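Asker: Pasting upload_2.csv here (CSV, C-alpha atoms):
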```csv
chain,number,residue,atom,x,y,z
A,182,MET,CA,-10.4,-14.6,27.6
A,183,GLU,CA,-12.2,-17.2,25.4
A,184,ALA,CA,-15.0,-14.7,24.9
A,185,LEU,CA,-12.4,-12.3,23.5
A,186,LEU,CA,-10.7,-14.9,21.3
A,187,ILE,CA,-14.0,-15.9,19.6
A,188,SER,CA,-15.4,-12.4,19.3
A,189,PRO,CA,-15.7,-10.9,15.8
A,190,PHE,CA,-13.8,-7.9,17.0
A,191,PHE,CA,-10.8,-10.0,17.7
A,192,LEU,CA,-11.1,-12.3,14.7
A,193,TYR,CA,-11.8,-9.6,12.0
A,194,ALA,CA,-10.1,-6.6,13.4
A,195,MET,CA,-7.5,-7.2,16.2
A,196,PHE,CA,-6.0,-10.4,14.6
A,197,PRO,CA,-5.4,-9.1,11.0
A,198,LEU,CA,-4.4,-5.6,12.0
A,199,GLY,CA,-2.3,-6.8,14.8
A,200,SER,CA,-0.5,-9.2,12.4
A,201,ALA,CA,0.1,-6.3,10.0
A,202,LEU,CA,1.6,-4.2,12.8
A,203,LEU,CA,3.7,-7.1,14.0
A,204,GLY,CA,5.0,-7.6,10.4
A,205,VAL,CA,5.9,-4.0,10.2
A,206,ALA,CA,7.7,-4.1,13.5
A,207,VAL,CA,9.7,-7.2,12.7
A,208,LYS,CA,10.6,-5.9,9.2
A,209,HIS,CA,11.9,-2.6,10.7
A,210,ALA,CA,13.7,-4.3,13.6
A,211,THR,CA,15.6,-6.8,11.3
A,212,ARG,CA,16.7,-4.2,8.9
A,213,ASN,CA,20.5,-4.1,8.3
A,214,ASP,CA,20.7,-0.3,7.8
A,215,GLN,CA,19.7,1.1,11.1
A,216,TYR,CA,20.7,4.7,10.1
A,217,ALA,CA,18.0,4.9,7.5
A,218,LYS,CA,14.8,6.4,8.8
A,219,PHE,CA,11.5,4.5,9.2
A,220,ALA,CA,10.2,4.7,5.7
A,221,LYS,CA,6.8,4.2,4.1
A,222,GLU,CA,8.2,1.1,2.4
A,223,ASP,CA,8.5,-0.5,5.9
A,224,LEU,CA,4.7,-0.7,5.8
A,225,ALA,CA,4.7,-2.8,2.7
A,226,VAL,CA,3.9,-6.1,4.4
A,227,GLY,CA,0.7,-6.9,2.5
A,228,LEU,CA,2.2,-9.7,0.4
A,229,ASP,CA,3.8,-11.2,3.5
A,230,LEU,CA,0.3,-11.2,5.1
A,231,MET,CA,-1.2,-12.8,2.0
A,232,LEU,CA,1.4,-15.6,2.0
A,233,THR,CA,0.9,-16.2,5.7
A,234,ALA,CA,-2.9,-16.4,5.2
A,235,CYS,CA,-2.4,-18.8,2.4
A,236,LEU,CA,-0.2,-21.1,4.5
A,237,MET,CA,-2.5,-20.9,7.4
A,238,TYR,CA,-5.4,-21.9,5.2
A,239,VAL,CA,-3.4,-24.9,3.9
A,240,LEU,CA,-2.8,-26.0,7.5
A,241,LEU,CA,-6.5,-25.5,8.4
A,242,THR,CA,-7.4,-27.7,5.4
A,243,THR,CA,-5.0,-30.3,6.6
A,244,ASN,CA,-6.6,-30.3,10.0
A,245,ARG,CA,-10.0,-30.7,8.4
A,246,ALA,CA,-8.8,-33.6,6.3
A,247,VAL,CA,-7.5,-35.3,9.4
A,248,ALA,CA,-10.8,-34.6,11.2
A,249,LEU,CA,-12.8,-36.0,8.2
A,250,ARG,CA,-10.7,-39.2,8.2
A,251,ASP,CA,-11.3,-39.6,12.0
A,252,ALA,CA,-15.0,-38.9,11.6
A,253,ASN,CA,-15.3,-41.5,8.8
A,254,ALA,CA,-13.4,-44.0,10.9
A,255,ALA,CA,-15.7,-43.3,13.9
A,256,ILE,CA,-18.7,-43.8,11.6
A,257,ALA,CA,-17.4,-47.2,10.4
A,258,LYS,CA,-16.7,-48.2,14.0
A,259,ALA,CA,-20.1,-47.1,15.2
A,260,LEU,CA,-21.8,-49.0,12.3
A,261,SER,CA,-20.0,-52.1,13.1
A,262,GLY,CA,-21.1,-51.9,16.7
A,263,ASN,CA,-23.8,-54.1,18.0
A,264,PRO,CA,-26.3,-52.5,18.5
A,265,ALA,CA,-25.4,-49.6,16.2
A,266,THR,CA,-26.0,-46.3,18.0
A,267,THR,CA,-28.1,-44.4,15.4
A,268,SER,CA,-28.0,-41.0,17.1
A,269,ALA,CA,-24.2,-41.1,17.4
A,270,ILE,CA,-23.9,-42.2,13.8
A,271,ALA,CA,-26.2,-39.4,12.6
A,272,GLU,CA,-24.1,-36.9,14.4
A,273,LEU,CA,-20.9,-38.2,13.0
A,274,GLN,CA,-22.4,-38.2,9.5
A,275,ALA,CA,-23.4,-34.6,9.9
A,276,THR,CA,-19.9,-33.7,11.0
A,277,SER,CA,-18.4,-35.7,8.1
A,278,LEU,CA,-20.7,-34.0,5.5
A,279,LEU,CA,-19.8,-30.5,6.9
A,280,LEU,CA,-16.0,-31.3,6.8
A,281,SER,CA,-16.4,-32.7,3.3
A,282,SER,CA,-18.1,-29.6,2.0
A,283,GLN,CA,-15.5,-27.4,3.7
A,284,LEU,CA,-12.7,-29.4,2.1
A,285,THR,CA,-14.3,-29.0,-1.3
A,286,MET,CA,-14.4,-25.2,-0.8
A,287,SER,CA,-10.9,-25.2,0.6
A,288,GLY,CA,-9.4,-26.4,-2.7
A,289,TRP,CA,-10.9,-23.5,-4.5
A,290,LEU,CA,-9.9,-21.0,-1.9
A,291,ILE,CA,-6.3,-22.2,-1.9
A,292,ALA,CA,-6.2,-21.8,-5.7
A,293,LEU,CA,-7.7,-18.3,-5.2
A,294,PHE,CA,-5.0,-17.5,-2.7
A,295,PHE,CA,-2.2,-18.4,-5.1
A,296,LEU,CA,-3.9,-16.5,-7.9
A,297,ALA,CA,-4.1,-13.5,-5.6
A,298,LEU,CA,-0.5,-13.8,-4.5
A,299,TRP,CA,0.7,-14.0,-8.1
A,300,SER,CA,-1.5,-11.2,-9.5
A,301,VAL,CA,-1.0,-8.7,-6.6
A,302,SER,CA,2.8,-9.2,-6.6
A,303,THR,CA,2.8,-8.7,-10.4
A,304,VAL,CA,0.8,-5.5,-10.1
A,305,VAL,CA,3.1,-4.2,-7.4
A,306,ARG,CA,6.2,-5.1,-9.4
A,307,LYS,CA,4.9,-3.4,-12.6
A,308,TRP,CA,3.0,-0.4,-11.2
A,309,GLY,CA,3.9,-0.1,-7.5
A,310,TRP,CA,7.2,1.6,-7.7
A,311,LYS,CA,8.0,5.3,-8.2
A,312,SER,CA,11.7,4.7,-8.5
A,313,ASN,CA,14.2,1.9,-7.7
A,314,THR,CA,13.8,2.5,-4.0
A,315,GLU,CA,10.5,4.3,-3.6
A,316,MET,CA,7.1,2.7,-3.7
A,317,LYS,CA,3.8,4.3,-4.7
A,318,PRO,CA,1.6,4.6,-1.6
A,319,VAL,CA,-1.6,3.3,-3.2
A,320,VAL,CA,-0.7,0.5,-5.6
A,321,GLY,CA,2.6,-0.4,-3.9
A,322,ILE,CA,1.5,-0.3,-0.3
A,323,ALA,CA,-2.2,0.3,0.4
A,324,LEU,CA,-3.7,-2.2,-2.0
A,325,PRO,CA,-1.5,-5.2,-1.0
A,326,LEU,CA,-2.0,-4.3,2.7
A,327,ALA,CA,-5.8,-4.2,2.4
A,328,PHE,CA,-5.7,-7.4,0.5
A,329,GLY,CA,-3.4,-9.0,3.0
A,330,VAL,CA,-5.8,-8.0,5.9
A,331,LEU,CA,-8.8,-9.4,3.9
A,332,CYS,CA,-7.0,-12.7,3.4
A,333,LEU,CA,-6.3,-13.0,7.1
A,334,VAL,CA,-10.0,-12.1,7.9
A,335,LEU,CA,-11.0,-14.9,5.5
A,336,VAL,CA,-8.8,-17.4,7.2
A,337,ALA,CA,-10.1,-16.4,10.6
A,338,ALA,CA,-13.7,-16.7,9.4
A,339,GLY,CA,-12.9,-20.1,7.9
A,340,ALA,CA,-11.3,-21.3,11.1
A,341,VAL,CA,-14.4,-20.6,13.3
A,342,LYS,CA,-17.1,-21.7,10.9
B,678,MET,CA,6.0,-3.5,-25.1
B,679,SER,CA,6.4,-7.2,-25.9
B,680,LYS,CA,3.5,-9.5,-26.3
B,681,HIS,CA,4.5,-11.5,-23.2
B,682,THR,CA,4.6,-8.3,-21.1
B,683,ARG,CA,1.1,-7.3,-22.4
B,684,ILE,CA,-0.3,-10.7,-21.6
B,685,THR,CA,1.2,-10.6,-18.1
B,686,ASP,CA,-0.2,-7.1,-17.5
B,687,VAL,CA,-3.7,-8.0,-18.5
B,688,ALA,CA,-3.5,-11.4,-16.6
B,689,SER,CA,-2.3,-9.7,-13.4
B,690,VAL,CA,-5.0,-7.1,-13.4
B,691,LEU,CA,-7.6,-9.8,-14.2
B,692,GLY,CA,-6.1,-11.9,-11.4
B,693,VAL,CA,-6.5,-9.1,-8.9
B,694,ALA,CA,-10.2,-8.6,-10.0
B,695,VAL,CA,-11.0,-12.3,-9.9
B,696,SER,CA,-9.3,-12.9,-6.5
B,697,THR,CA,-10.9,-9.8,-5.0
B,698,THR,CA,-14.3,-11.1,-6.1
B,699,GLY,CA,-13.5,-14.6,-4.9
B,700,VAL,CA,-12.4,-13.4,-1.5
B,701,ALA,CA,-15.5,-11.2,-1.2
B,702,LEU,CA,-17.8,-14.1,-2.1
B,703,ALA,CA,-16.0,-16.5,0.2
B,704,LEU,CA,-16.3,-14.0,3.0
B,705,ARG,CA,-20.0,-13.5,2.3
B,706,GLU,CA,-20.4,-17.3,2.5
B,707,LEU,CA,-18.5,-17.6,5.8
B,708,VAL,CA,-19.4,-14.4,7.5
B,709,ASP,CA,-23.2,-14.1,7.5
B,710,VAL,CA,-23.8,-11.6,10.2
B,711,ARG,CA,-24.0,-8.1,8.9
B,712,TRP,CA,-22.0,-6.3,11.5
B,713,GLU,CA,-19.2,-9.0,11.2
B,714,ILE,CA,-18.9,-8.1,7.6
B,715,LEU,CA,-18.8,-4.4,8.5
B,716,VAL,CA,-15.9,-5.1,11.0
B,717,SER,CA,-14.1,-7.0,8.3
B,718,LEU,CA,-14.5,-4.3,5.7
B,719,GLY,CA,-13.6,-1.7,8.3
B,720,SER,CA,-10.3,-3.6,9.0
B,721,ALA,CA,-9.5,-3.7,5.3
B,722,LEU,CA,-10.4,0.0,4.8
B,723,PHE,CA,-8.2,0.9,7.8
B,724,ALA,CA,-5.3,-1.0,6.3
B,725,PHE,CA,-5.9,0.7,3.0
B,726,VAL,CA,-5.9,4.2,4.5
B,727,ALA,CA,-2.8,3.3,6.6
B,728,GLY,CA,-1.0,2.3,3.4
B,729,TRP,CA,-2.2,5.4,1.5
B,730,GLN,CA,-0.9,7.6,4.3
B,731,SER,CA,2.2,5.5,4.9
B,732,LYS,CA,4.5,8.4,4.3
B,733,GLU,CA,3.0,10.5,7.1
B,734,ILE,CA,2.8,7.5,9.4
B,735,ALA,CA,6.5,6.7,8.8
B,736,LYS,CA,7.4,10.3,9.5
B,737,GLN,CA,5.6,10.3,12.8
B,738,ALA,CA,6.8,6.9,13.8
B,739,GLY,CA,10.4,7.9,13.1
B,740,LYS,CA,9.9,10.9,15.4
B,741,ILE,CA,8.5,8.9,18.2
B,742,PHE,CA,10.5,5.7,18.1
B,743,GLY,CA,13.6,6.6,16.1
B,744,ARG,CA,17.0,7.6,17.5
B,745,ARG,CA,18.6,10.8,16.3
B,746,ARG,CA,20.5,10.5,13.0
B,747,VAL,CA,23.5,12.8,12.5
B,748,PHE,CA,25.2,13.4,9.2
B,749,LEU,CA,28.9,14.3,9.7
B,750,SER,CA,30.6,16.3,7.0
B,751,TYR,CA,34.4,16.8,7.3
B,752,ALA,CA,37.5,17.2,5.2
B,753,ALA,CA,39.9,14.2,5.2
B,754,GLU,CA,42.4,16.1,7.4
B,755,ASN,CA,39.8,16.3,10.2
B,756,GLU,CA,39.0,12.6,10.2
B,757,LYS,CA,40.4,12.1,13.7
B,758,LEU,CA,38.2,14.9,15.2
B,759,ALA,CA,35.2,13.6,13.1
B,760,ARG,CA,35.6,10.1,14.6
B,761,GLN,CA,35.8,11.6,18.1
B,762,ILE,CA,32.6,13.5,17.5
B,763,ALA,CA,31.0,10.3,16.1
B,764,GLU,CA,32.0,8.3,19.1
B,765,ALA,CA,30.6,10.9,21.5
B,766,LEU,CA,27.3,10.9,19.5
B,767,ARG,CA,27.1,7.1,19.4
B,768,GLY,CA,27.7,7.1,23.2
B,769,VAL,CA,24.3,8.8,23.6
B,770,GLY,CA,22.7,6.4,21.1
B,771,ALA,CA,22.6,8.5,18.0
B,772,HIS,CA,23.1,7.0,14.6
B,773,VAL,CA,26.0,8.7,12.8
B,774,TRP,CA,26.7,8.9,9.0
B,775,LEU,CA,30.4,8.9,8.2
B,776,ASP,CA,31.5,8.5,4.6
B,777,GLN,CA,34.3,6.1,5.5
B,778,GLU,CA,31.8,3.7,7.0
B,779,ARG,CA,28.8,4.2,4.7
B,780,ILE,CA,30.1,4.4,1.2
B,781,ARG,CA,31.3,1.1,-0.2
B,782,PRO,CA,33.6,0.5,-3.1
B,783,GLY,CA,31.7,0.7,-6.4
B,784,GLU,CA,28.8,2.7,-4.8
B,785,ASN,CA,27.7,6.0,-6.3
B,786,ILE,CA,29.1,8.6,-3.8
B,787,HIS,CA,26.6,11.3,-4.6
B,788,ALA,CA,23.6,9.0,-4.3
B,789,ALA,CA,24.9,7.6,-1.0
B,790,ILE,CA,25.5,11.2,0.4
B,791,LEU,CA,22.0,12.2,-0.7
B,792,ARG,CA,20.4,9.2,1.1
B,793,GLY,CA,22.4,10.0,4.2
B,794,ILE,CA,21.3,13.6,4.2
B,795,GLU,CA,17.7,12.7,3.5
B,796,SER,CA,17.5,10.5,6.6
B,797,ALA,CA,19.4,12.9,8.9
B,798,ASP,CA,17.9,14.9,11.7
B,799,SER,CA,21.0,17.0,12.1
B,800,PHE,CA,23.9,18.0,9.8
B,801,VAL,CA,27.2,18.5,11.6
B,802,ALA,CA,29.8,20.4,9.5
B,803,VAL,CA,33.4,20.4,10.6
B,804,ILE,CA,34.9,23.6,9.4
B,805,SER,CA,38.7,24.0,8.8
B,806,THR,CA,41.0,25.8,6.5
B,807,ARG,CA,41.0,22.7,4.2
B,808,ARG,CA,37.4,22.4,3.3
B,809,SER,CA,35.7,19.3,1.9
B,810,ALA,CA,35.0,19.8,-1.8
B,811,ALA,CA,31.4,18.6,-1.4
B,812,LEU,CA,30.6,20.7,1.6
B,813,SER,CA,28.7,23.4,-0.3
B,814,GLU,CA,26.6,20.9,-2.1
B,815,GLU,CA,25.9,18.9,1.1
B,816,LEU,CA,25.0,22.1,2.9
B,817,SER,CA,22.5,23.2,0.3
B,818,LEU,CA,20.9,19.7,0.2
B,819,ALA,CA,20.6,19.8,4.0
B,820,LYS,CA,19.1,23.3,3.9
B,821,GLU,CA,16.6,22.3,1.3
B,822,ARG,CA,15.4,19.5,3.6
B,823,GLY,CA,15.2,21.8,6.6
B,824,ILE,CA,17.7,19.8,8.6
B,825,ARG,CA,19.3,21.3,11.7
B,826,LEU,CA,22.8,22.6,10.8
B,827,ILE,CA,25.5,22.6,13.4
B,828,PRO,CA,28.8,24.1,12.4
B,829,ILE,CA,31.9,23.1,14.3
B,830,LEU,CA,35.0,25.2,14.1
B,831,ALA,CA,38.0,22.9,14.1
B,832,GLU,CA,40.6,25.6,13.1
B,833,ASP,CA,40.9,29.3,12.6
B,834,ALA,CA,38.9,29.4,9.4
B,835,ASP,CA,36.1,31.4,7.9
B,836,ILE,CA,32.6,30.1,8.4
B,837,PRO,CA,31.1,29.3,5.0
B,838,PRO,CA,28.4,31.7,3.8
B,839,GLU,CA,25.8,28.9,3.9
B,840,LEU,CA,26.3,28.7,7.7
B,841,ALA,CA,26.4,32.5,8.4
B,842,GLY,CA,24.1,33.5,11.2
B,843,ILE,CA,24.2,30.0,12.8
B,844,GLN,CA,26.0,29.7,16.2
B,845,TYR,CA,28.9,27.3,15.9
B,846,VAL,CA,30.6,25.1,18.5
B,847,ASP,CA,34.2,26.0,19.0
B,848,LEU,CA,36.4,22.8,18.9
B,849,ARG,CA,39.7,24.5,18.1
B,850,HIS,CA,40.8,23.2,21.5
B,851,PRO,CA,38.7,20.1,21.9
B,852,SER,CA,37.4,19.5,25.4
B,853,GLU,CA,34.8,17.4,27.1
B,854,LYS,CA,32.5,20.3,27.4
B,855,ALA,CA,32.8,21.3,23.8
B,856,LEU,CA,32.1,17.7,22.7
B,857,ALA,CA,29.1,17.6,25.1
B,858,ASP,CA,27.8,20.8,23.4
B,859,VAL,CA,28.1,19.2,20.0
B,860,VAL,CA,26.2,16.1,21.3
B,861,ALA,CA,23.5,18.3,22.9
B,862,ALA,CA,23.0,20.4,19.8
B,863,SER,CA,22.9,17.4,17.5
B,864,THR,CA,20.6,15.2,19.5
B,865,GLY,CA,18.6,17.5,21.7
B,866,SER,CA,19.8,15.7,24.8
B,867,PRO,CA,21.0,17.8,27.7
B,868,ALA,CA,24.7,18.8,27.6
```
Go ahead and express the file in the form of structure tokens.
Answerer:
Amino acid sequence: MEALLISPFFLYAMFPLGSALLGVAVKHATRNDQYAKFAKEDLAVGLDLMLTACLMYVLLTTNRAVALRDANAAIAKALSGNPATTSAIAELQATSLLLSSQLTMSGWLIALFFLALWSVSTVVRKWGWKSNTEMKPVVGIALPLAFGVLCLVLVAAGAVK
Amino acid sequence: MSKHTRITDVASVLGVAVSTTGVALALRELVDVRWEILVSLGSALFAFVAGWQSKEIAKQAGKIFGRRRVFLSYAAENEKLARQIAEALRGVGAHVWLDQERIRPGENIHAAILRGIESADSFVAVISTRRSAALSEELSLAKERGIRLIPILAEDADIPPELAGIQYVDLRHPSEKALADVVAASTGSPA
């Protein structure tokens, strides 16, 4: 089970595509008008996936911030120990450095997510509709869906690195 | 086009380009094994193709998972019979379009009927001497979309020319069997 969960196939294919499929199923199941047929607009879950990815990444960043705080506290504690355990301190410092650099990157990535959300939703609003009720398949559905999947892949990659 | 709209258009396209580049670079940073990148790109490509072919996917999914949708056309005088037929159809799980239930005050009637017919798998037309004014138009819309037409003879009346050559169900004397025949013809379930 754990081998599957950390495998690239699960992280970069099953997880994002499964999320998209689940999003479509939930969107269809919660529709008020059950008479209307399953329409291509039901597959327009790309922006929802992007928003989910953005929020997941914010939560991941929060976790890292907490881990960094704990690592720094552990370093301080180890330094104040008598005698100070240098190997443990070195390890904690390496962890602290890694978390620090990840947090620096996280800020940029979260800004990127928001930029992506705004720009893709604007593009869909302006050029993604054929009529009031019908979406264009490429600009309205395919492009946001591919973007949403990529954002989820990014979050999955960020979570395991 | 206003200046604000132009700025928004340009900004949104630039935003998509920048964020795509940013996501690609971030992925390249995080995912440094070649075949992991291939799997990621494969997922995105799969999603893109699925979106591009969404109309066909929706059509097939509707056939596999959807319940039968029946559009019921009738004159006001046949409302009681129409409701009986609707109840029988709903009893086997079909979705039924009835104008009294579907068209809300203020809604465009023609647009609502068009939407109802477009989603329908079967079109049931209740034929009587007092014919619905919209029946001819509804029948031609249904025929254009290749929807299965099921005429129901409620009274001694002539079958409209649009339904000539199609076997009708005789409900001049409604019976359980006749209703079951309507349900079977509309939904494909056994009578």
Asker: Looking at only C-alpha atoms, which of B:Lys732, B:Arg792, B:Arg705, B:Arg760 is the one that sits closest to chain A?
Answerer: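 Distance minimum relative to chain A lands on B:Lys732.
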Asker: Contacts between chain B and chain A, please, where a residue of chain A counts if it comes within 9 Å (with all atoms listed in the file); show its shortest atom pair and distance in Å to one decimal, rows by chain and ascending number, as a Markdown table.
Answerer:
```
| residue | atom | partner | partner_atom | distance |
| --- | --- | --- | --- | --- |
| A:Pro189 | CA | B:Glu713 | CA | 6.1 |
| A:Phe190 | CA | B:Val716 | CA | 6.9 |
| A:Leu192 | CA | B:Ser717 | CA | 8.8 |
| A:Tyr193 | CA | B:Ser717 | CA | 5.1 |
| A:Ala194 | CA | B:Ser720 | CA | 5.3 |
| A:Met195 | CA | B:Ser720 | CA | 8.5 |
| A:Pro197 | CA | B:Ser720 | CA | 7.6 |
| A:Leu198 | CA | B:Ser720 | CA | 6.9 |
| A:Ala201 | CA | B:Ala724 | CA | 8.4 |
| A:Gln215 | CA | B:His772 | CA | 7.7 |
| A:Tyr216 | CA | B:His772 | CA | 5.6 |
| A:Ala217 | CA | B:Ser796 | CA | 5.7 |
| A:Lys218 | CA | B:Ser796 | CA | 5.4 |
| A:Phe219 | CA | B:Gly739 | CA | 5.3 |
| A:Ala220 | CA | B:Ala735 | CA | 5.2 |
| A:Lys221 | CA | B:Lys732 | CA | 4.8 |
| A:Glu222 | CA | B:Ser731 | CA | 7.8 |
| A:Asp223 | CA | B:Ala735 | CA | 8.0 |
| A:Leu224 | CA | B:Ser731 | CA | 6.7 |
| A:Ala225 | CA | B:Gly728 | CA | 7.7 |
| A:Met286 | CA | B:Ala703 | CA | 8.9 |
| A:Leu290 | CA | B:Ala703 | CA | 7.9 |
| A:Leu293 | CA | B:Ser696 | CA | 5.8 |
| A:Phe294 | CA | B:Ser696 | CA | 7.4 |
| A:Leu296 | CA | B:Gly692 | CA | 6.2 |
| A:Ala297 | CA | B:Ser696 | CA | 5.3 |
| A:Leu298 | CA | B:Val693 | CA | 8.8 |
| A:Trp299 | CA | B:Ser689 | CA | 7.5 |
| A:Ser300 | CA | B:Ser689 | CA | 4.3 |
| A:Val301 | CA | B:Val693 | CA | 6.0 |
| A:Ser302 | CA | B:Ser689 | CA | 8.5 |
| A:Thr303 | CA | B:Ser689 | CA | 6.0 |
| A:Val304 | CA | B:Ser689 | CA | 6.2 |
| A:Lys307 | CA | B:Asp686 | CA | 8.0 |
| A:Lys317 | CA | B:Trp729 | CA | 8.7 |
| A:Pro318 | CA | B:Trp729 | CA | 5.0 |
| A:Val319 | CA | B:Trp729 | CA | 5.2 |
| A:Val320 | CA | B:Trp729 | CA | 8.8 |
| A:Gly321 | CA | B:Gly728 | CA | 8.6 |
| A:Ile322 | CA | B:Gly728 | CA | 5.2 |
| A:Ala323 | CA | B:Gly728 | CA | 3.8 |
| A:Leu324 | CA | B:Phe725 | CA | 6.2 |
| A:Pro325 | CA | B:Phe725 | CA | 8.4 |
| A:Leu326 | CA | B:Ala724 | CA | 5.9 |
| A:Ala327 | CA | B:Ala721 | CA | 4.7 |
| A:Phe328 | CA | B:Ala721 | CA | 7.2 |
| A:Gly329 | CA | B:Ala721 | CA | 8.4 |
| A:Val330 | CA | B:Ala721 | CA | 5.7 |
| A:Leu331 | CA | B:Ala721 | CA | 5.9 |
| A:Cys332 | CA | B:Val700 | CA | 7.3 |
| A:Val334 | CA | B:Ser717 | CA | 6.6 |
| A:Leu335 | CA | B:Leu704 | CA | 5.9 |
| A:Ala338 | CA | B:Leu707 | CA | 6.1 |
| A:Gly339 | CA | B:Leu707 | CA | 6.5 |
| A:Lys342 | CA | B:Leu707 | CA | 6.7 |
```
Asker: What's the separation between atom CA of B:Glu814 and atom CA of B:Tyr751, in Å to one decimal place?
Answerer: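 Result for atom CA of B:Glu814 versus atom CA of B:Tyr751: 12.9 Å, one decimal.
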Asker: So how far away is atom CA of A:Ile256 from atom CA of A:Asn244, in Å?
Answerer: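 Atom-to-atom, atom CA of A:Asn244 and atom CA of A:Ile256 are spaced 18.2 Å apart.
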Asker: In terms of the shortest atom-to-atom distance over all atoms listed in the file, which of B:Asp833, B:Glu784, B:Glu853, B:Glu754 is closest to B:Arg808?
Answerer: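 For B:Arg808, the nearest of the candidates is B:Glu754.
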Asker: For B:Val859, work out the shell of residues within 8 Å, counting all atoms listed in the file and skipping chain neighbours fewer than 2 positions away, then give it as a PyMOL selection string.
Answerer: chain B and resi 762+827+829+846+855-857+861-863
Asker: Show me the residues close to (-14.8, -31.3, 5.1) - anything with an atom within 12 Å, counting all atoms listed in the file - and format the list as number ranges by chain.
Answerer: A: 241-253, 274-288, 339, 342
Asker: What is the atom CA of A:Val226 to atom CA of A:Asn213 distance in Å?
Answerer: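 Taking atom CA of A:Val226 and atom CA of A:Asn213, their separation equals 17.2 Å.
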